[in-house]
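*Asks:* Enclosed is the structure file coords_9.txt (compact mmCIF, C-alpha atoms).
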# COMPACT_ATOMS: atom_id res chain seq x y z
CA MET A 90 60.75 18.62 -38.51
CA ALA A 91 61.04 20.54 -35.23
CA GLY A 92 59.76 17.56 -33.29
CA ASP A 93 62.51 15.48 -34.80
CA HIS A 94 65.28 17.90 -33.77
CA PRO A 95 66.39 16.09 -30.58
CA GLY A 96 66.57 12.80 -32.45
CA TRP A 97 68.71 14.29 -35.21
CA ARG A 98 70.94 15.98 -32.65
CA ALA A 99 71.65 12.62 -31.00
CA CYS A 100 72.19 11.03 -34.39
CA VAL A 101 74.70 13.69 -35.46
CA LEU A 102 76.51 13.65 -32.10
CA SER A 103 76.92 9.89 -32.31
CA GLY A 104 78.31 10.39 -35.81
CA ALA A 105 80.80 12.92 -34.44
CA VAL A 106 81.98 10.38 -31.86
CA PHE A 107 82.35 7.83 -34.66
CA ALA A 108 84.44 10.31 -36.68
CA VAL A 109 86.78 11.03 -33.73
CA CYS A 110 87.53 7.34 -33.35
CA MET A 111 88.29 6.98 -37.06
CA ILE A 112 90.55 10.05 -37.06
CA GLY A 113 92.97 8.15 -34.85
CA THR A 114 93.25 5.27 -37.30
CA THR A 115 94.75 7.41 -40.11
CA LEU A 116 96.53 9.99 -37.95
CA PRO A 117 100.01 8.43 -38.46
CA THR A 118 99.76 8.44 -42.29
CA PRO A 119 101.81 11.59 -43.06
CA LEU A 120 104.20 10.79 -40.18
CA TYR A 121 105.56 7.47 -41.46
CA GLY A 122 108.46 9.22 -43.21
CA LEU A 123 109.50 10.80 -39.91
CA TYR A 124 109.26 7.45 -38.16
CA GLN A 125 111.39 5.89 -40.90
CA GLU A 126 114.08 8.50 -40.25
CA LYS A 127 113.83 8.01 -36.49
CA PHE A 128 113.81 4.20 -36.37
CA GLY A 129 115.39 3.31 -39.74
CA PHE A 130 112.91 0.86 -41.25
CA SER A 131 112.00 0.01 -44.85
CA GLU A 132 108.95 0.68 -47.01
CA LEU A 133 107.86 -2.93 -46.45
CA THR A 134 107.83 -2.27 -42.71
CA VAL A 135 105.61 0.77 -43.30
CA THR A 136 103.03 -1.41 -45.01
CA VAL A 137 103.22 -4.04 -42.26
CA VAL A 138 102.83 -1.40 -39.52
CA TYR A 139 99.84 -0.07 -41.41
CA ALA A 140 98.32 -3.53 -41.94
CA VAL A 141 98.63 -4.51 -38.26
CA TYR A 142 95.77 -2.09 -37.70
CA ALA A 143 93.57 -3.91 -40.22
CA PHE A 144 94.33 -7.28 -38.64
CA GLY A 145 93.22 -5.86 -35.29
CA VAL A 146 89.96 -4.70 -36.85
CA ILE A 147 89.31 -8.05 -38.48
CA GLY A 148 90.06 -9.96 -35.28
CA VAL A 149 87.58 -7.91 -33.26
CA LEU A 150 84.90 -8.08 -35.93
CA LEU A 151 85.17 -11.85 -36.14
CA LEU A 152 85.32 -12.46 -32.39
CA ALA A 153 83.04 -9.70 -31.12
CA GLY A 154 81.32 -8.15 -34.13
CA ASN A 155 77.88 -8.74 -32.62
CA VAL A 156 78.67 -7.99 -28.97
CA SER A 157 76.87 -4.63 -29.02
CA ASP A 158 73.65 -6.42 -30.06
CA ALA A 159 73.78 -8.10 -26.64
CA VAL A 160 75.35 -5.69 -24.13
CA GLY A 161 74.34 -2.42 -25.77
CA ARG A 162 75.98 0.12 -28.05
CA ARG A 163 77.34 2.57 -25.46
CA PRO A 164 79.49 0.12 -23.40
CA VAL A 165 81.13 -1.18 -26.58
CA LEU A 166 81.77 2.31 -27.94
CA LEU A 167 83.23 3.49 -24.61
CA CYS A 168 85.59 0.53 -24.72
CA GLY A 169 86.53 1.49 -28.26
CA LEU A 170 87.38 5.02 -27.15
CA GLY A 171 89.55 3.53 -24.42
CA PHE A 172 91.56 1.59 -26.99
CA ALA A 173 91.86 4.76 -29.10
CA ALA A 174 93.32 6.62 -26.11
CA LEU A 175 95.80 3.79 -25.42
CA SER A 176 96.84 3.85 -29.08
CA ALA A 177 97.60 7.58 -28.89
CA LEU A 178 99.64 7.01 -25.73
CA CYS A 179 101.71 4.33 -27.50
CA PHE A 180 102.61 6.77 -30.26
CA LEU A 181 103.38 9.48 -27.73
CA GLY A 182 105.78 7.17 -25.87
CA ALA A 183 107.26 5.47 -28.95
CA THR A 184 110.96 4.75 -28.51
CA SER A 185 111.18 1.83 -30.94
CA LEU A 186 109.32 0.13 -33.78
CA GLY A 187 107.48 -2.13 -31.34
CA TRP A 188 105.56 0.85 -29.95
CA LEU A 189 104.25 1.61 -33.45
CA TYR A 190 103.03 -1.97 -33.84
CA ALA A 191 101.29 -1.77 -30.46
CA GLY A 192 99.72 1.59 -31.27
CA ARG A 193 98.41 0.38 -34.61
CA LEU A 194 97.04 -2.82 -33.09
CA LEU A 195 95.19 -0.88 -30.39
CA SER A 196 93.87 1.48 -33.05
CA GLY A 197 92.58 -1.54 -34.95
CA LEU A 198 90.86 -2.89 -31.85
CA SER A 199 89.20 0.49 -31.40
CA ALA A 200 88.00 0.65 -35.00
CA GLY A 201 86.84 -2.96 -34.86
CA LEU A 202 84.60 -2.21 -31.90
CA PHE A 203 83.29 0.96 -33.55
CA THR A 204 82.55 -0.07 -37.13
CA GLY A 205 79.49 -2.26 -36.65
CA ALA A 206 78.30 -0.87 -33.31
CA ALA A 207 78.63 2.82 -34.19
CA THR A 208 77.01 2.39 -37.60
CA ALA A 209 74.02 0.65 -36.03
CA PHE A 210 73.94 3.23 -33.18
CA VAL A 211 73.76 6.19 -35.57
CA MET A 212 70.96 4.56 -37.58
CA GLU A 213 68.95 3.68 -34.48
CA LEU A 214 69.18 7.19 -33.01
CA ALA A 215 67.63 8.78 -36.09
CA PRO A 216 63.95 9.81 -35.94
CA PRO A 217 61.39 7.67 -37.79
CA GLY A 218 61.54 8.24 -41.52
CA GLY A 219 65.16 9.38 -41.43
CA ALA A 220 66.71 6.11 -42.52
CA SER A 221 68.49 7.35 -45.64
CA ARG A 222 69.97 10.39 -43.92
CA ALA A 223 71.07 8.30 -40.95
CA THR A 224 72.91 5.89 -43.25
CA PHE A 225 74.70 8.86 -44.79
CA VAL A 226 75.61 10.24 -41.35
CA ALA A 227 77.12 6.88 -40.38
CA THR A 228 79.13 6.31 -43.55
CA ALA A 229 80.15 9.99 -43.79
CA ALA A 230 81.37 9.91 -40.18
CA ASN A 231 83.41 6.84 -40.97
CA MET A 232 85.00 8.16 -44.19
CA GLY A 233 85.11 11.78 -43.04
CA GLY A 234 86.96 10.77 -39.89
CA LEU A 235 89.41 8.69 -41.91
CA GLY A 236 90.03 11.73 -44.12
CA CYS A 237 90.47 14.18 -41.27
CA GLY A 238 93.20 12.01 -39.68
CA PRO A 239 95.97 12.57 -42.26
CA LEU A 240 94.90 16.16 -42.83
CA LEU A 241 95.06 17.01 -39.13
CA ALA A 242 98.39 15.25 -38.60
CA GLY A 243 99.84 16.72 -41.80
CA VAL A 244 99.01 20.30 -40.86
CA LEU A 245 100.13 19.97 -37.23
CA SER A 246 103.36 18.15 -38.07
CA GLN A 247 104.27 20.63 -40.81
CA TYR A 248 103.43 23.92 -39.14
CA ALA A 249 103.57 23.29 -35.38
CA ALA A 250 106.21 22.09 -32.95
CA GLU A 251 106.74 18.46 -31.93
CA PRO A 252 105.42 16.80 -35.13
CA LEU A 253 105.46 13.27 -33.67
CA TYR A 254 103.66 14.27 -30.49
CA LEU A 255 101.18 17.12 -30.97
CA PRO A 256 98.78 15.23 -33.32
CA PHE A 257 98.29 12.51 -30.72
CA VAL A 258 97.84 14.99 -27.87
CA VAL A 259 95.08 16.68 -29.88
CA HIS A 260 93.46 13.32 -30.55
CA LEU A 261 93.52 12.42 -26.85
CA VAL A 262 91.62 15.63 -26.12
CA LEU A 263 89.05 14.77 -28.82
CA VAL A 264 88.66 11.25 -27.42
CA ALA A 265 88.02 12.60 -23.92
CA GLY A 266 85.37 14.97 -25.26
CA SER A 267 83.78 12.15 -27.24
CA ALA A 268 83.53 9.98 -24.13
CA ALA A 269 81.68 12.80 -22.36
CA VAL A 270 79.26 13.14 -25.29
CA LEU A 271 78.70 9.39 -25.52
CA LEU A 272 77.74 9.16 -21.84
CA ARG A 273 74.89 11.62 -22.50
CA LEU A 274 73.44 9.74 -25.48
CA PRO A 275 70.60 7.22 -24.95
CA GLU A 276 71.13 3.48 -25.24
CA THR A 277 69.28 2.01 -28.23
CA VAL A 278 69.43 -1.72 -27.41
CA ARG A 279 66.33 -2.36 -25.31
CA GLU A 280 66.80 -6.05 -24.49
CA ARG A 281 70.33 -6.44 -23.21
CA ARG A 282 72.08 -9.62 -22.15
CA PRO A 283 75.15 -10.12 -19.92
CA LEU A 284 78.56 -10.17 -21.59
CA SER A 285 78.99 -13.75 -20.38
CA THR A 286 76.25 -14.85 -22.78
CA VAL A 287 78.18 -13.57 -25.83
CA ARG A 288 80.26 -16.20 -27.58
CA PRO A 289 82.52 -15.82 -30.61
CA ARG A 290 80.75 -17.23 -33.62
CA ARG A 291 81.99 -18.62 -36.86
CA PRO A 292 81.62 -16.24 -39.80
CA GLY A 293 78.12 -16.58 -41.17
CA LEU A 294 75.19 -14.63 -42.48
CA PRO A 295 71.40 -14.96 -42.19
CA PRO A 296 70.04 -16.70 -45.32
CA ARG A 297 68.08 -13.64 -46.45
CA VAL A 298 71.28 -11.53 -46.49
CA ARG A 299 73.53 -13.79 -48.56
CA ALA A 300 72.31 -12.85 -52.03
CA VAL A 301 72.97 -9.17 -51.34
CA PHE A 302 76.17 -9.68 -49.38
CA GLY A 303 78.19 -11.20 -52.25
CA PRO A 304 78.21 -8.22 -54.64
CA ALA A 305 78.34 -5.75 -51.74
CA ALA A 306 81.45 -7.44 -50.35
CA ILE A 307 83.26 -7.57 -53.71
CA ALA A 308 82.78 -3.86 -54.30
CA SER A 309 83.80 -3.01 -50.73
CA PHE A 310 87.01 -5.08 -50.97
CA ALA A 311 88.13 -3.31 -54.14
CA GLY A 312 87.33 0.16 -52.81
CA PHE A 313 89.11 -0.32 -49.51
CA ALA A 314 92.15 -1.80 -51.29
CA LEU A 315 92.54 1.46 -53.19
CA PHE A 316 92.28 3.39 -49.93
CA GLY A 317 94.85 1.11 -48.32
CA VAL A 318 97.48 1.96 -50.90
CA PHE A 319 96.69 5.68 -50.75
CA THR A 320 96.97 5.69 -46.96
CA SER A 321 100.13 3.60 -46.61
CA VAL A 322 102.47 4.36 -49.50
CA SER A 323 101.25 7.45 -51.35
CA PRO A 324 103.14 9.87 -49.01
CA ALA A 325 106.38 8.00 -49.84
CA PHE A 326 105.64 8.17 -53.58
CA LEU A 327 104.87 11.88 -53.36
CA ALA A 328 108.14 12.53 -51.52
CA GLN A 329 110.43 10.28 -53.59
CA PHE A 330 109.16 10.84 -57.12
CA LEU A 331 107.26 14.15 -57.04
CA ASN A 332 109.45 15.92 -54.47
CA VAL A 333 106.44 16.76 -52.30
CA GLN A 334 108.09 17.26 -48.92
CA ASN A 335 105.23 19.22 -47.35
CA ARG A 336 103.41 16.83 -45.00
CA ALA A 337 100.29 19.00 -44.99
CA LEU A 338 100.03 18.60 -48.77
CA SER A 339 100.64 14.84 -48.55
CA GLY A 340 97.96 14.58 -45.88
CA LEU A 341 95.57 16.60 -48.03
CA VAL A 342 96.02 14.30 -51.03
CA VAL A 343 95.18 11.26 -48.89
CA ALA A 344 92.29 13.11 -47.25
CA LEU A 345 90.81 13.98 -50.65
CA ALA A 346 90.17 10.29 -51.34
CA PHE A 347 88.12 9.94 -48.17
CA PHE A 348 86.29 13.25 -48.64
CA ALA A 349 85.46 12.26 -52.21
CA SER A 350 84.09 9.01 -50.82
CA THR A 351 81.75 11.04 -48.62
CA ALA A 352 80.64 13.03 -51.67
CA GLY A 353 80.06 9.81 -53.61
CA GLN A 354 77.80 8.58 -50.83
CA LEU A 355 75.54 11.58 -51.34
CA ALA A 356 74.73 10.37 -54.85
CA VAL A 357 73.33 7.02 -53.71
CA GLY A 358 69.96 8.56 -52.80
CA ARG A 359 69.46 9.59 -56.42
CA VAL A 360 71.15 6.66 -58.11
CA GLY A 361 69.70 3.94 -55.86
CA ALA A 362 71.50 1.11 -54.10
CA ALA A 363 71.07 -1.33 -56.99
CA ARG A 364 72.76 0.94 -59.55
CA SER A 365 75.25 2.55 -57.19
CA LEU A 366 77.27 -0.66 -56.84
CA PRO A 367 78.14 -1.11 -60.56
CA TRP A 368 78.53 2.64 -61.04
CA GLY A 369 80.84 2.69 -58.02
CA CYS A 370 82.94 -0.04 -59.62
CA ALA A 371 83.19 2.10 -62.77
CA GLY A 372 84.47 5.00 -60.66
CA LEU A 373 87.00 2.74 -58.98
CA LEU A 374 88.26 1.52 -62.34
CA ALA A 375 88.67 5.09 -63.56
CA GLY A 376 90.51 6.00 -60.35
CA LEU A 377 92.89 3.07 -60.81
CA ALA A 378 93.56 4.11 -64.42
CA LEU A 379 94.39 7.64 -63.30
CA LEU A 380 96.67 6.31 -60.57
CA ALA A 381 98.49 4.18 -63.15
CA GLY A 382 99.01 7.28 -65.27
CA ALA A 383 100.30 9.16 -62.23
CA LEU A 384 102.80 6.42 -61.39
CA HIS A 385 103.97 6.09 -64.98
CA GLY A 386 104.29 9.81 -65.68
CA ASP A 387 105.14 11.17 -62.19
CA LEU A 388 102.24 13.64 -62.39
CA LEU A 389 100.83 15.16 -59.20
CA ALA A 390 97.64 16.28 -60.95
CA LEU A 391 96.81 12.67 -61.84
CA VAL A 392 97.45 11.56 -58.25
CA VAL A 393 94.91 14.16 -57.08
CA LEU A 394 92.41 13.16 -59.77
CA SER A 395 92.78 9.48 -58.95
CA ALA A 396 92.10 10.25 -55.28
CA VAL A 397 88.95 12.21 -56.15
CA VAL A 398 87.55 9.87 -58.83
CA GLY A 399 88.49 6.63 -57.08
CA GLY A 400 87.26 7.95 -53.75
CA ALA A 401 83.91 8.96 -55.22
CA GLY A 402 83.55 5.51 -56.77
CA GLN A 403 84.35 3.88 -53.45
CA GLY A 404 81.79 6.02 -51.64
CA LEU A 405 79.10 5.27 -54.19
CA ALA A 406 79.73 1.53 -53.97
CA PHE A 407 80.19 1.35 -50.22
CA ARG A 408 77.12 3.30 -49.19
CA GLY A 409 75.07 1.33 -51.69
CA ALA A 410 76.41 -1.87 -50.13
CA LEU A 411 75.69 -0.71 -46.60
CA SER A 412 72.18 0.48 -47.49
CA ALA A 413 71.30 -2.77 -49.22
CA LEU A 414 72.54 -4.87 -46.30
CA ALA A 415 70.76 -2.71 -43.73
CA GLU A 416 67.52 -3.22 -45.64
CA VAL A 417 67.63 -7.02 -45.59
CA SER A 418 69.29 -7.62 -42.19
CA PRO A 419 67.13 -8.80 -39.26
CA ALA A 420 67.04 -6.12 -36.54
CA GLY A 421 68.76 -8.28 -33.92
CA GLU A 422 71.63 -9.19 -36.26
CA ARG A 423 72.19 -5.87 -38.02
CA ALA A 424 75.46 -4.98 -36.27
CA GLY A 425 76.80 -8.47 -36.90
CA VAL A 426 76.02 -8.28 -40.63
CA ILE A 427 77.56 -4.82 -40.90
CA SER A 428 80.63 -6.12 -39.08
CA MET A 429 81.00 -8.94 -41.61
CA LEU A 430 80.99 -6.40 -44.44
CA PHE A 431 83.79 -4.55 -42.70
CA VAL A 432 85.74 -7.80 -42.30
CA VAL A 433 85.84 -8.11 -46.07
CA ALA A 434 86.58 -4.40 -46.50
CA TYR A 435 89.50 -4.48 -44.07
CA ALA A 436 90.88 -7.59 -45.73
CA GLY A 437 91.01 -5.37 -48.83
CA ILE A 438 92.74 -2.58 -46.94
CA SER A 439 95.47 -4.87 -45.56
CA VAL A 440 96.40 -7.85 -47.76
CA PRO A 441 97.01 -5.93 -51.04
CA VAL A 442 98.98 -3.28 -49.13
CA ILE A 443 101.40 -5.87 -47.77
CA GLY A 444 101.70 -7.22 -51.31
CA VAL A 445 102.80 -3.79 -52.50
CA GLY A 446 105.34 -3.65 -49.69
CA LEU A 447 106.77 -7.05 -50.61
CA LEU A 448 107.11 -6.05 -54.26
CA THR A 449 108.72 -2.69 -53.48
CA GLY A 450 112.12 -4.33 -52.73
CA PRO A 451 112.61 -6.22 -56.00
CA LEU A 452 110.57 -3.94 -58.29
CA GLY A 453 110.65 -0.48 -56.75
CA LEU A 454 107.72 1.55 -55.49
CA GLN A 455 106.45 2.62 -58.92
CA ASP A 456 106.40 -0.83 -60.53
CA ALA A 457 104.98 -2.39 -57.37
CA GLY A 458 102.16 0.14 -57.55
CA LEU A 459 101.50 -0.70 -61.19
CA VAL A 460 101.28 -4.43 -60.37
CA PHE A 461 98.80 -3.59 -57.61
CA ILE A 462 96.72 -1.49 -60.00
CA ALA A 463 96.59 -4.30 -62.57
CA CYS A 464 95.41 -6.80 -59.94
CA MET A 465 92.80 -4.45 -58.51
CA ALA A 466 91.55 -3.47 -61.98
CA LEU A 467 90.99 -7.15 -62.75
CA LEU A 468 89.08 -7.54 -59.49
CA VAL A 469 86.95 -4.45 -60.15
CA VAL A 470 86.08 -5.62 -63.66
CA THR A 471 85.14 -9.03 -62.27
CA ALA A 472 82.99 -7.36 -59.62
CA ALA A 473 81.28 -5.14 -62.20
CA VAL A 474 80.47 -8.09 -64.46
CA TYR A 475 79.13 -10.03 -61.47
CA LEU A 476 76.96 -7.09 -60.42
CA LEU A 477 75.59 -6.61 -63.94
CA ARG A 478 74.69 -10.28 -64.23
CA ARG A 479 73.41 -10.66 -60.65
CA PRO A 480 72.47 -7.14 -59.51
CA VAL A 481 71.30 -6.13 -56.06
CA PRO A 482 67.48 -6.24 -56.13
CA ALA A 483 65.99 -2.85 -56.98
CA GLY A 484 64.17 -1.43 -54.04
CA THR A 485 66.82 -2.15 -51.42
CA GLY A 486 67.75 0.92 -49.53
CA ALA A 487 68.71 2.24 -46.17
CA LEU A 488 66.97 0.98 -43.12
CA GLY A 489 66.46 2.96 -40.01
CA PRO A 490 65.61 1.91 -36.51
CA ARG A 491 63.25 -0.96 -35.93
Render the structure in this file as structure tokens.

*Replies:*
Amino acid sequence: MAGDHPGWRACVLSGAVFAVCMIGTTLPTPLYGLYQEKFGFSELTVTVVYAVYAFGVIGVLLLAGNVSDAVGRRPVLLCGLGFAALSALCFLGATSLGWLYAGRLLSGLSAGLFTGAATAFVMELAPPGGASRATFVATAANMGGLGCGPLLAGVLSQYAAEPLYLPFVVHLVLVAGSAAVLLRLPETVRERRPLSTVRPRRPGLPPRVRAVFGPAAIASFAGFALFGVFTSVSPAFLAQFLNVQNRALSGLVVALAFFASTAGQLAVGRVGAARSLPWGCAGLLAGLALLAGALHGDLLALVVLSAVVGGAGQGLAFRGALSALAEVSPAGERAGVISMLFVVAYAGISVPVIGVGLLTGPLGLQDAGLVFIACMALLVVTAAVYLLRRPVPAGTGALGPR
């Protein structure tokens, strides 16, 4: 194991850089209430501001999801950190709603560049034989970073001065440190091509990937949809119906869903990728049921339980999906395949959220949430039935560097 230490150090450091980027994408979550007071916009606008980020991610993944396979991982990740820094600057200088849209779009561009490239980078930096651990590092960095964002912003905005500024200053410092770390990590793409040779391609998958991609994508969509609602509207629900005015507590509740996802990912090694997808759907269904109970009964304990149970189910399903796809993807197209999975996932994190925002006006936040839960429960049940009838082949698992 000692001989593998430098390889694991690089793997973990690349995961830390990944996490820093993802922190910025959820940093505004506990601050939306303050922005509503400052700029006077509705709950629907909150969901649209949130979803602009997801549209930025999807656009990059579709147009440049495989660019790091050609030009290398480090140049793409450095560009992603640049967009993250510009996003933080937009929030720091925000004087109107337009600045929030710009900041969220830039954050989405950053995450879009990172998702496929950073996941592949972490896996490729791992020592031989460390495939399963490397997959966990990548997915834990992603979900852990998403969880740390609202927690960091919630604590700083609640207990420190300048609540709309300090979180983004701290993130800028983290981004600068991450850029310095990234410059010291080795490039893993050996045969690089000029950027001019990269062309946007229509969405598509290698034939050997398609049978696995279907069930993996369904589970990912449902899991990310649950996260989308937690991240965009749960702070408003906690404040309006449960009288939770402490932004640190609101940020913690959202963070718990992402941390539980990381814990759920740990179980995939024992459960196996084939069984983790249907079991993950079962966890998602239980989380949705608990969230319905929380909305109906105005119970904080059920909100917390739904975050933990639903988050664990999402983590179990998502890491199983990522492991299965990594196993069957050709080495030269791995980042592109991973990017396509994230396209589906971020469609789940954006479209249902806007639907909740649209329904909030005529129905109210609680009933809009219940309609969302019913739709997502139907989707999860459909996904579970599909996975039971056409399961991921047993024996798929994480794949390390090739």

*Asks:* Measuring between all atoms listed in the file, which one of A:Gly205, A:Pro367, A:Gly400, A:Pro164 shows the shortest distance to Val342 (chain A)?

*Replies:* A:Gly400

*Asks:* Figure out the distance between CA of Val440 (chain A) and CA of Val138 (chain A), please, to one decimal in Å.

*Replies:*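 CA of Val440 (chain A) lies at a distance of 12.3 Å from CA of Val138 (chain A).
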
*Asks:* Hey, which bits of region 247-338 of chain A sit within 7 Å of region 174-190 of chain A, and for each residue what's the closest pair of atoms and how far apart in Å (one decimal), counting only C-alpha atoms, rows by chain and increasing number, as a tab-separated table?

*Replies:*
residue	atom	partner	partner_atom	distance
A:Tyr254	CA	A:Leu181	CA	5.5
A:Phe257	CA	A:Ala177	CA	5.3
A:Leu261	CA	A:Ala174	CA	5.9
A:Val264	CA	A:Ala174	CA	6.7

*Asks:* To one decimal place in Å, what is the distance between CA of His260 (chain A) and CA of Ala230 (chain A)?

*Replies:*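 One can read the CA of His260 (chain A) to CA of Ala230 (chain A) distance as 15.8 Å.
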
*Asks:* Extract, using only C-alpha atoms, all DNA, RNA and protein residues at most 7 Å from Thr224 (chain A), discarding same-chain residues fewer than 2 positions from it, and format them as a ChimeraX atom specification.

*Replies:* /A:212,220-222,226-228,412,487

*Asks:* Go ahead and compute the interatomic distance for CA of Leu255 (chain A) and CA of Ala191 (chain A), in Å to one decimal.

*Replies:* 18.9 Å

*Asks:* Quick one: of A:Ile427, A:Phe461, A:Leu151, A:Ala390, who's nearest to Leu331 (chain A), counting only C-alpha atoms?

*Replies:*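 Among A:Ile427, A:Phe461, A:Leu151, A:Ala390, it is A:Ala390 that comes nearest to Leu331 (chain A).
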
*Asks:* Counting only C-alpha atoms, which residues come within 12 Å of (75.1, -2.3, -24.0), with the point read in the file's coordinates, and could you list them as a PyMOL selection string?

*Replies:* chain A and resi 155-168+206-207+210+272+275-284+287

*Asks:* I'd like the neighbourhood of Gly233 (chain A) as an MDAnalysis selection string, where a residue qualifies if any of its atoms comes within 10 Å (using all atoms listed in the file), though same-chain residues fewer than 2 positions away should be ignored.

*Replies:* chainID A and resid 105 107:109 111:112 226:231 235:238 344:352

*Asks:* Could those selected residues go to a file with C-alpha atoms, as a PDB file, keeping the file's coordinate frame?

*Replies:*
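Ended up saving to out.pdb:
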ATOM      1  CA  ALA A 105      80.800  12.920 -34.440  1.00  0.00           C
ATOM      2  CA  PHE A 107      82.350   7.830 -34.660  1.00  0.00           C
ATOM      3  CA  ALA A 108      84.440  10.310 -36.680  1.00  0.00           C
ATOM      4  CA  VAL A 109      86.780  11.030 -33.730  1.00  0.00           C
ATOM      5  CA  MET A 111      88.290   6.980 -37.060  1.00  0.00           C
ATOM      6  CA  ILE A 112      90.550  10.050 -37.060  1.00  0.00           C
ATOM      7  CA  VAL A 226      75.610  10.240 -41.350  1.00  0.00           C
ATOM      8  CA  ALA A 227      77.120   6.880 -40.380  1.00  0.00           C
ATOM      9  CA  THR A 228      79.130   6.310 -43.550  1.00  0.00           C
ATOM     10  CA  ALA A 229      80.150   9.990 -43.790  1.00  0.00           C
ATOM     11  CA  ALA A 230      81.370   9.910 -40.180  1.00  0.00           C
ATOM     12  CA  ASN A 231      83.410   6.840 -40.970  1.00  0.00           C
ATOM     13  CA  LEU A 235      89.410   8.690 -41.910  1.00  0.00           C
ATOM     14  CA  GLY A 236      90.030  11.730 -44.120  1.00  0.00           C
ATOM     15  CA  CYS A 237      90.470  14.180 -41.270  1.00  0.00           C
ATOM     16  CA  GLY A 238      93.200  12.010 -39.680  1.00  0.00           C
ATOM     17  CA  ALA A 344      92.290  13.110 -47.250  1.00  0.00           C
ATOM     18  CA  LEU A 345      90.810  13.980 -50.650  1.00  0.00           C
ATOM     19  CA  ALA A 346      90.170  10.290 -51.340  1.00  0.00           C
ATOM     20  CA  PHE A 347      88.120   9.940 -48.170  1.00  0.00           C
ATOM     21  CA  PHE A 348      86.290  13.250 -48.640  1.00  0.00           C
ATOM     22  CA  ALA A 349      85.460  12.260 -52.210  1.00  0.00           C
ATOM     23  CA  SER A 350      84.090   9.010 -50.820  1.00  0.00           C
ATOM     24  CA  THR A 351      81.750  11.040 -48.620  1.00  0.00           C
ATOM     25  CA  ALA A 352      80.640  13.030 -51.670  1.00  0.00           C
TER      26      ALA A 352
END

*Asks:* Write out as a tab-separated table a residue-level contact list of region 340-418 of chain A versus region 292-312 of chain A with cut-off 6 Å: for each qualifying residue the closest pair of atoms and the distance in Å to one decimal, counting only C-alpha atoms, rows sorted by chain and residue number upward.

*Replies:*
residue	atom	partner	partner_atom	distance
A:Gln403	CA	A:Gly312	CA	4.8
A:Phe407	CA	A:Ser309	CA	5.7
A:Ala410	CA	A:Ala305	CA	4.6
A:Val417	CA	A:Val298	CA	5.9

*Asks:* Suppose we keep C-alpha atoms; can you now write the selection as a PDB file, in the coordinates of the input?

*Replies:*
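Once everything was written out, this is result38.pdb:
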ATOM      1  CA  GLN A 403      84.350   3.880 -53.450  1.00  0.00           C
ATOM      2  CA  PHE A 407      80.190   1.350 -50.220  1.00  0.00           C
ATOM      3  CA  ALA A 410      76.410  -1.870 -50.130  1.00  0.00           C
ATOM      4  CA  VAL A 417      67.630  -7.020 -45.590  1.00  0.00           C
TER       5      VAL A 417
END

*Asks:* Have a look at A:Ser103, A:Gln125, A:Thr114, A:Thr471 and name the one nearest to Gly317 (chain A); count all atoms listed in the file.

*Replies:*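 Checking each of A:Ser103, A:Gln125, A:Thr114, A:Thr471 against Gly317 (chain A), counting all atoms listed in the file, the winner is A:Thr114.
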
*Asks:* Give as a PDB file with C-alpha atoms, in the coordinates of the input each residue that has an atom at most 7 Å from (90.1, 8.0, -60.8) in the file, counting only C-alpha atoms.

*Replies:*
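Result file is point-v8.pdb:
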ATOM      1  CA  GLY A 372      84.470   5.000 -60.660  1.00  0.00           C
ATOM      2  CA  LEU A 373      87.000   2.740 -58.980  1.00  0.00           C
ATOM      3  CA  LEU A 374      88.260   1.520 -62.340  1.00  0.00           C
ATOM      4  CA  ALA A 375      88.670   5.090 -63.560  1.00  0.00           C
ATOM      5  CA  GLY A 376      90.510   6.000 -60.350  1.00  0.00           C
ATOM      6  CA  LEU A 377      92.890   3.070 -60.810  1.00  0.00           C
ATOM      7  CA  ALA A 378      93.560   4.110 -64.420  1.00  0.00           C
ATOM      8  CA  LEU A 379      94.390   7.640 -63.300  1.00  0.00           C
ATOM      9  CA  LEU A 380      96.670   6.310 -60.570  1.00  0.00           C
ATOM     10  CA  LEU A 394      92.410  13.160 -59.770  1.00  0.00           C
ATOM     11  CA  SER A 395      92.780   9.480 -58.950  1.00  0.00           C
ATOM     12  CA  ALA A 396      92.100  10.250 -55.280  1.00  0.00           C
ATOM     13  CA  VAL A 397      88.950  12.210 -56.150  1.00  0.00           C
ATOM     14  CA  VAL A 398      87.550   9.870 -58.830  1.00  0.00           C
ATOM     15  CA  GLY A 399      88.490   6.630 -57.080  1.00  0.00           C
TER      16      GLY A 399
END

*Asks:* Can you work out which one of A:Gly340, A:Gly386, A:Pro451, A:Gly169 has the shortest atom-to-atom distance to Ala325 (chain A), counting all atoms listed in the file?

*Replies:*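 With all atoms listed in the file as the atom set, the closest residue is A:Gly340.
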
*Asks:* Identify which of the residues A:Ile147, A:Val442, A:Ala269, A:Ala436 lies closest to Ile462 (chain A), counting all atoms listed in the file when measuring atom-to-atom distances.

*Replies:*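 When distances to Ile462 (chain A) are compared using all atoms listed in the file, the smallest one comes from A:Val442.
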
*Asks:* So, with all atoms listed in the file as the atoms that count, which of A:Gly192, A:Pro239, A:Phe128, A:Thr134 lies closest to Thr115 (chain A)?

*Replies:*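 Selected residue with least distance to Thr115 (chain A): A:Pro239.
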